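K.L.:
Handing you a structure now.
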Amino acid sequence: MHYIGAVHDFREARRQAAIEYIMARLSGRSAQLLPYDEVRQMLKGRVSRPLGLQDIPIAAIVGSVGRYSDFTRSFLPLQDKDEERWARVQVAVLELGGLPPIDVYQIGEVYFVKDGNHRVSVARQMGATHIQAYVTQIETGVPLLPDVQPDDLILKAEYAGFLEETHLDQVRPGVDLNMTVPGQYDKLKEHIEVHRHYMGLEQRREIPYSEAVAHWVDQVYGPVVETIRERGILWEFPERTETDLYLWVAEHRAELEEALGWEVEPAAAAADLAARFSPRLRRMAARLCERIQDALTPDSLEEGPPPGRWRQERLASRRGERLFVDILVGIGGDAAGWSALDQALLVAQREGARLRGLHVVPVEGQKEGEAARAVQAEFDRRCAASSVPGNLVIEAGQVGRSICRRSRWTDLVVVNLAHPPLPKLLARLTSGFRLLLRRCPRPVLAVPGATSSLSRVLLAYDESPKAQEALFVATYIAGQWRIPLVVTSMAGDGPGKPGGLSRAQQYLEAHGIQARFVEERAPSTETILGIADAEQCDLILMGGYRRGPAVEAVLDSAVNQLLRESRWPLLICR
């Protein structure tokens, strides 16, 4: 009776095997067992080590030494000729209460049957979860998991070859460099070779390969992966590994640097990669909304990024104690344009910052002209004289758009205030400077004339969200630059009374900053400029436009009035 039942179970298992193959085709996953000899060769399997008798999970058995074509991935029988043998194995289990142990090879966390394939098939069909086995471990630097697919072995083989050449698993044990895209390990080897080359130039010696591998992991790969973890980039690409993203960030960073003409921080490249290419629904929706808004909204009515976003991005990058590490300065080539550069150089000296110069010409053909070369030479001369690192990019286009597009890769924008927004409505709507203040995602330092020594700062405060950003910057400048701070009220552009100074006072006191407070009952542009003169302030700090672009264009604003009338630089935050 047991034998008849076992034959029936075998035929049912054969039917299930056919279904498993159909479902595998539909899902794109393989239903085949893995051939042990090929896997060991591909993964550079090394010395074997007997581990003795163990209980092993049947679900972790993924292959066979010689009979990988006789069973499916879940060990359902594929050959009708195995009916008698399979049935007798099941009868033995039922009559004797168990089976002799099988023999397996272990690679990583998976097993390959050396002897006992029918026993595994019967045990699994009868609902067993574990089986006794004599285990021989095959050492390899590449981990295998029970869900491994045949196509995965191509990647595993590449990884094994990479480890065999670099010995990375020995010089830095525990570092996981698994990837999901074939053909990428050669790129990692190129990264190591380039790093080794520059190590040799810097240290003036021949660098042993193993030393270069370890140093690359510690100083190049590791910090980028840490950035990927901190910024949650792996969550944005759930089907990828950290090493996938390391290469993507490196390649994206190189593309950005080539397009911009200056260095881009890995954190900025990683954030841009996620924003532009993440398949997450919220990212895709944000990109679509941005394209629709850009297509339907006139330039003069664009609102720009929300208040405080630049501060969030800046703090998330963890770029040290300095707030302004990279400064973008627009260079016009005339006397006024050079005053903006001189002002930027003073800020850069205080901050230990780098300058990113931008000179925009109307047409491509002027980029290599004599005038452009003269601007380049003068820029280099002034940076060298001030001992400030800087590089100038010359591009063709529209000045305001070029500055806005590049500003997101910097921390501060410094521009000459030669053409402030004029009082008339049409002039305001077509003002390039107004468009810059609306769209620029970074604080803008507007320089109206002579360079300021930045010895005393006046904060014009109205409690608006953008004024809160100005308060944050004022707190930083007063503390980091160690210069006196004066705070006064600013008339709000929106409905209601001008904001008081108590909130600003509490914030400054909480951060250990002393300031002089000058509160006016009816603050105006003339009042603010008068206070700046009376208090000998040579920098005015404020929030950007408070009203929406349509209302501000019709009614004008205190920001525009100050831009037109101030003789001191104005630092405008958003």
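Chain labels follow the order of the structure tokens: the first chain is A, the next B, and so on; residue numbering restarts at 1 in every chain, and ligands are counted from 1 in their shown order.
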A:Val65: which residues within 8 Å, counting only C-alpha atoms, same-chain residues fewer than 4 positions away excluded, as a ChimeraX atom specification?
P.N.:
/A:35-37,112-114
K.L.:
Next, the residues of the selection above should be written as a PDB file, in the first residue's frame with C-alpha atoms.
P.N.:
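again_38.pdb written:
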ATOM      1  CA  PRO A  35      25.433  22.892 -11.545  1.00  0.00           C
ATOM      2  CA  TYR A  36      28.001  22.657  -8.763  1.00  0.00           C
ATOM      3  CA  ASP A  37      31.122  22.297 -10.902  1.00  0.00           C
ATOM      4  CA  PHE A 112      24.818  21.475  -3.585  1.00  0.00           C
ATOM      5  CA  VAL A 113      23.877  17.797  -3.333  1.00  0.00           C
ATOM      6  CA  LYS A 114      26.774  15.413  -3.886  1.00  0.00           C
TER       7      LYS A 114
END
K.L.:
Running DSSP on the backbone, which parts of stretch 48-183 of chain A land in alpha helix (DSSP H), as an MDAnalysis selection string?
P.N.:
chainID A and resid 83:96 117:125 152:166 168:171
K.L.:
Keeping only N, CA and C atoms, write the selected residues to a file as a short mmCIF file (atom, residue, chain, number, x, y, z; two decimals), in the first residue's frame.
P.N.:
data_model
loop_
_atom_site.label_atom_id
_atom_site.label_comp_id
_atom_site.auth_asym_id
_atom_site.auth_seq_id
_atom_site.Cartn_x
_atom_site.Cartn_y
_atom_site.Cartn_z
N GLU A 83 10.64 7.21 -11.44
CA GLU A 83 9.45 6.90 -10.64
C GLU A 83 9.71 5.81 -9.61
N GLU A 84 10.29 4.69 -10.02
CA GLU A 84 10.48 3.56 -9.09
C GLU A 84 11.43 3.93 -7.97
N ARG A 85 12.57 4.53 -8.32
CA ARG A 85 13.54 4.87 -7.29
C ARG A 85 12.96 5.88 -6.30
N TRP A 86 12.28 6.88 -6.82
CA TRP A 86 11.69 7.92 -5.97
C TRP A 86 10.67 7.30 -5.01
N ALA A 87 9.83 6.43 -5.56
CA ALA A 87 8.80 5.80 -4.73
C ALA A 87 9.42 4.93 -3.63
N ARG A 88 10.49 4.19 -3.95
CA ARG A 88 11.12 3.33 -2.94
C ARG A 88 11.76 4.16 -1.84
N VAL A 89 12.31 5.34 -2.19
CA VAL A 89 12.88 6.21 -1.15
C VAL A 89 11.78 6.68 -0.20
N GLN A 90 10.60 7.00 -0.75
CA GLN A 90 9.51 7.45 0.12
C GLN A 90 9.01 6.30 1.00
N VAL A 91 8.94 5.11 0.43
CA VAL A 91 8.53 3.94 1.23
C VAL A 91 9.49 3.73 2.38
N ALA A 92 10.77 3.88 2.13
CA ALA A 92 11.77 3.71 3.18
C ALA A 92 11.55 4.72 4.31
N VAL A 93 11.21 5.93 3.93
CA VAL A 93 10.95 6.95 4.95
C VAL A 93 9.75 6.55 5.80
N LEU A 94 8.68 6.06 5.13
CA LEU A 94 7.45 5.72 5.86
C LEU A 94 7.62 4.49 6.73
N GLU A 95 8.40 3.51 6.24
CA GLU A 95 8.52 2.24 6.98
C GLU A 95 9.64 2.27 8.00
N LEU A 96 10.71 3.00 7.69
CA LEU A 96 11.86 3.02 8.59
C LEU A 96 11.90 4.25 9.48
N ASN A 117 20.09 13.12 -3.94
CA ASN A 117 19.13 14.00 -4.60
C ASN A 117 17.69 13.53 -4.41
N HIS A 118 17.46 12.19 -4.54
CA HIS A 118 16.10 11.66 -4.37
C HIS A 118 15.63 11.82 -2.93
N ARG A 119 16.54 11.69 -1.99
CA ARG A 119 16.16 11.86 -0.59
C ARG A 119 15.71 13.30 -0.32
N VAL A 120 16.42 14.25 -0.93
CA VAL A 120 16.02 15.66 -0.78
C VAL A 120 14.64 15.88 -1.40
N SER A 121 14.41 15.31 -2.59
CA SER A 121 13.14 15.50 -3.28
C SER A 121 11.98 14.94 -2.46
N VAL A 122 12.16 13.74 -1.95
CA VAL A 122 11.10 13.12 -1.15
C VAL A 122 10.86 13.89 0.14
N ALA A 123 11.95 14.25 0.83
CA ALA A 123 11.81 14.97 2.10
C ALA A 123 11.07 16.30 1.90
N ARG A 124 11.40 16.99 0.83
CA ARG A 124 10.74 18.27 0.58
C ARG A 124 9.26 18.07 0.24
N GLN A 125 8.97 17.03 -0.56
CA GLN A 125 7.59 16.77 -0.94
C GLN A 125 6.75 16.35 0.26
N ASP A 152 22.50 35.46 -11.99
CA ASP A 152 23.30 36.10 -10.94
C ASP A 152 24.74 35.60 -10.94
N LEU A 153 24.93 34.39 -11.44
CA LEU A 153 26.25 33.79 -11.40
C LEU A 153 27.25 34.55 -12.27
N ILE A 154 26.76 35.21 -13.31
CA ILE A 154 27.66 36.04 -14.13
C ILE A 154 28.26 37.13 -13.26
N LEU A 155 27.41 37.79 -12.49
CA LEU A 155 27.89 38.84 -11.59
C LEU A 155 28.78 38.26 -10.50
N LYS A 156 28.36 37.12 -9.96
CA LYS A 156 29.16 36.50 -8.91
C LYS A 156 30.54 36.11 -9.43
N ALA A 157 30.58 35.62 -10.67
CA ALA A 157 31.86 35.25 -11.26
C ALA A 157 32.75 36.48 -11.44
N GLU A 158 32.15 37.59 -11.90
CA GLU A 158 32.92 38.82 -12.05
C GLU A 158 33.44 39.30 -10.70
N TYR A 159 32.61 39.20 -9.69
CA TYR A 159 33.01 39.60 -8.34
C TYR A 159 34.16 38.72 -7.85
N ALA A 160 34.04 37.41 -8.10
CA ALA A 160 35.09 36.50 -7.67
C ALA A 160 36.42 36.83 -8.37
N GLY A 161 36.36 37.13 -9.68
CA GLY A 161 37.57 37.51 -10.40
C GLY A 161 38.15 38.81 -9.86
N PHE A 162 37.30 39.76 -9.51
CA PHE A 162 37.75 41.02 -8.93
C PHE A 162 38.47 40.79 -7.61
N LEU A 163 37.88 39.95 -6.76
CA LEU A 163 38.51 39.66 -5.47
C LEU A 163 39.82 38.90 -5.65
N GLU A 164 39.89 38.01 -6.63
CA GLU A 164 41.11 37.26 -6.87
C GLU A 164 42.25 38.20 -7.30
N GLU A 165 41.92 39.24 -8.06
CA GLU A 165 42.95 40.19 -8.50
C GLU A 165 43.32 41.20 -7.41
N THR A 166 42.33 41.69 -6.70
CA THR A 166 42.59 42.78 -5.75
C THR A 166 42.86 42.31 -4.32
N LEU A 168 40.78 42.20 -2.10
CA LEU A 168 40.11 43.16 -1.23
C LEU A 168 39.46 42.48 -0.03
N ASP A 169 38.98 41.25 -0.23
CA ASP A 169 38.36 40.55 0.89
C ASP A 169 39.37 40.19 1.97
N GLN A 170 40.65 40.26 1.64
CA GLN A 170 41.68 39.99 2.63
C GLN A 170 42.22 41.28 3.26
N VAL A 171 42.41 42.34 2.44
CA VAL A 171 42.95 43.58 2.99
C VAL A 171 41.88 44.38 3.74
#
K.L.:
When you count only C-alpha atoms, which of these residues is closest to A:Tyr246: A:Ser502, A:Gln468, A:Thr227, A:Thr525?
P.N.:
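The answer is A:Thr227, which sits nearest to A:Tyr246.
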K.L.:
Identify, on the basis of only C-alpha atoms, every residue whose closest approach to A:Ser431 does not exceed 8 Å; exclude the query and any residue fewer than 4 positions from it along the same chain; express the result as a list in words.
P.N.:
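The residues that qualify are His419, Pro420, Pro421, Leu422, Ala427 and Leu435 of chain A.
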K.L.:
Give me, as a short mmCIF file (atom, residue, chain, number, x, y, z; two decimals) with N, CA and C atoms, in the first residue's frame, all polymer residues having an atom no more than 9 Å from A:Gly333, counting only C-alpha atoms and skipping those fewer than 6 positions away in the same chain.
P.N.:
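Output file part38.cif follows:
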data_model
loop_
_atom_site.label_atom_id
_atom_site.label_comp_id
_atom_site.auth_asym_id
_atom_site.auth_seq_id
_atom_site.Cartn_x
_atom_site.Cartn_y
_atom_site.Cartn_z
N HIS A 359 31.56 84.05 -16.17
CA HIS A 359 31.48 85.16 -17.13
C HIS A 359 30.62 84.70 -18.29
N ALA A 371 38.55 89.50 -25.51
CA ALA A 371 37.94 90.07 -24.31
C ALA A 371 37.74 89.01 -23.23
N ALA A 372 37.31 87.81 -23.63
CA ALA A 372 37.11 86.72 -22.66
C ALA A 372 38.45 86.30 -22.05
N ALA A 374 41.00 88.22 -21.60
CA ALA A 374 41.40 89.27 -20.67
C ALA A 374 40.67 89.12 -19.33
N VAL A 375 39.38 88.78 -19.38
CA VAL A 375 38.62 88.54 -18.15
C VAL A 375 39.22 87.37 -17.38
N GLU A 378 42.51 88.47 -15.69
CA GLU A 378 42.30 89.36 -14.55
C GLU A 378 41.70 88.61 -13.36
#
K.L.:
Measure the distance from atom CA of A:Arg405 to atom CA of A:Leu256 in Å and round it to one decimal.
P.N.:
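These atoms are spaced 12.1 Å apart.
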K.L.:
Out of A:Arg434, A:Arg14, A:His130, A:Arg356, which residue has the shortest atom-to-atom distance to A:Asp556 when counting only C-alpha atoms?
P.N.:
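Of A:Arg434, A:Arg14, A:His130, A:Arg356, the one nearest A:Asp556, counting only C-alpha atoms, is A:Arg434.
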K.L.:
Near A:Gln137, within 6 Å and counting only C-alpha atoms, which residues show up once chain neighbours fewer than 5 positions away are dropped, as a CSV table (one decimal) with C-alpha atoms, in the first residue's frame?
P.N.:
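Result written to out.csv:
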chain,number,residue,atom,x,y,z
A,48,SER,CA,37.4,22.5,0.9
A,49,ARG,CA,36.9,22.0,4.6
A,105,TYR,CA,29.0,21.0,-0.6
A,106,GLN,CA,28.4,24.4,1.0
K.L.:
For the atom pair atom CA of A:Pro362 and atom CA of A:Arg401, what is the interatomic distance in Å to one decimal place?
P.N.:
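Those two atoms sit 12.5 Å apart.
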K.L.:
Considering only C-alpha atoms, state which residue in the set A:Ala344, A:Met179, A:Val220, A:Val518 is at the smallest distance from A:Met199.
P.N.:
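Ranked by minimum distance to A:Met199, first place goes to A:Val220.
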K.L.:
Taking only C-alpha atoms into account, name the residue in A:Asp55, A:Asp326, A:Glu265, A:Glu109 that is nearest to A:Ala133.
P.N.:
A:Asp55
K.L.:
Can you measure atom CA of A:Leu33 to atom CA of A:Glu239 for me? One decimal in Å is fine.
P.N.:
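Atom-to-atom, atom CA of A:Leu33 and atom CA of A:Glu239 are spaced 24.0 Å apart.
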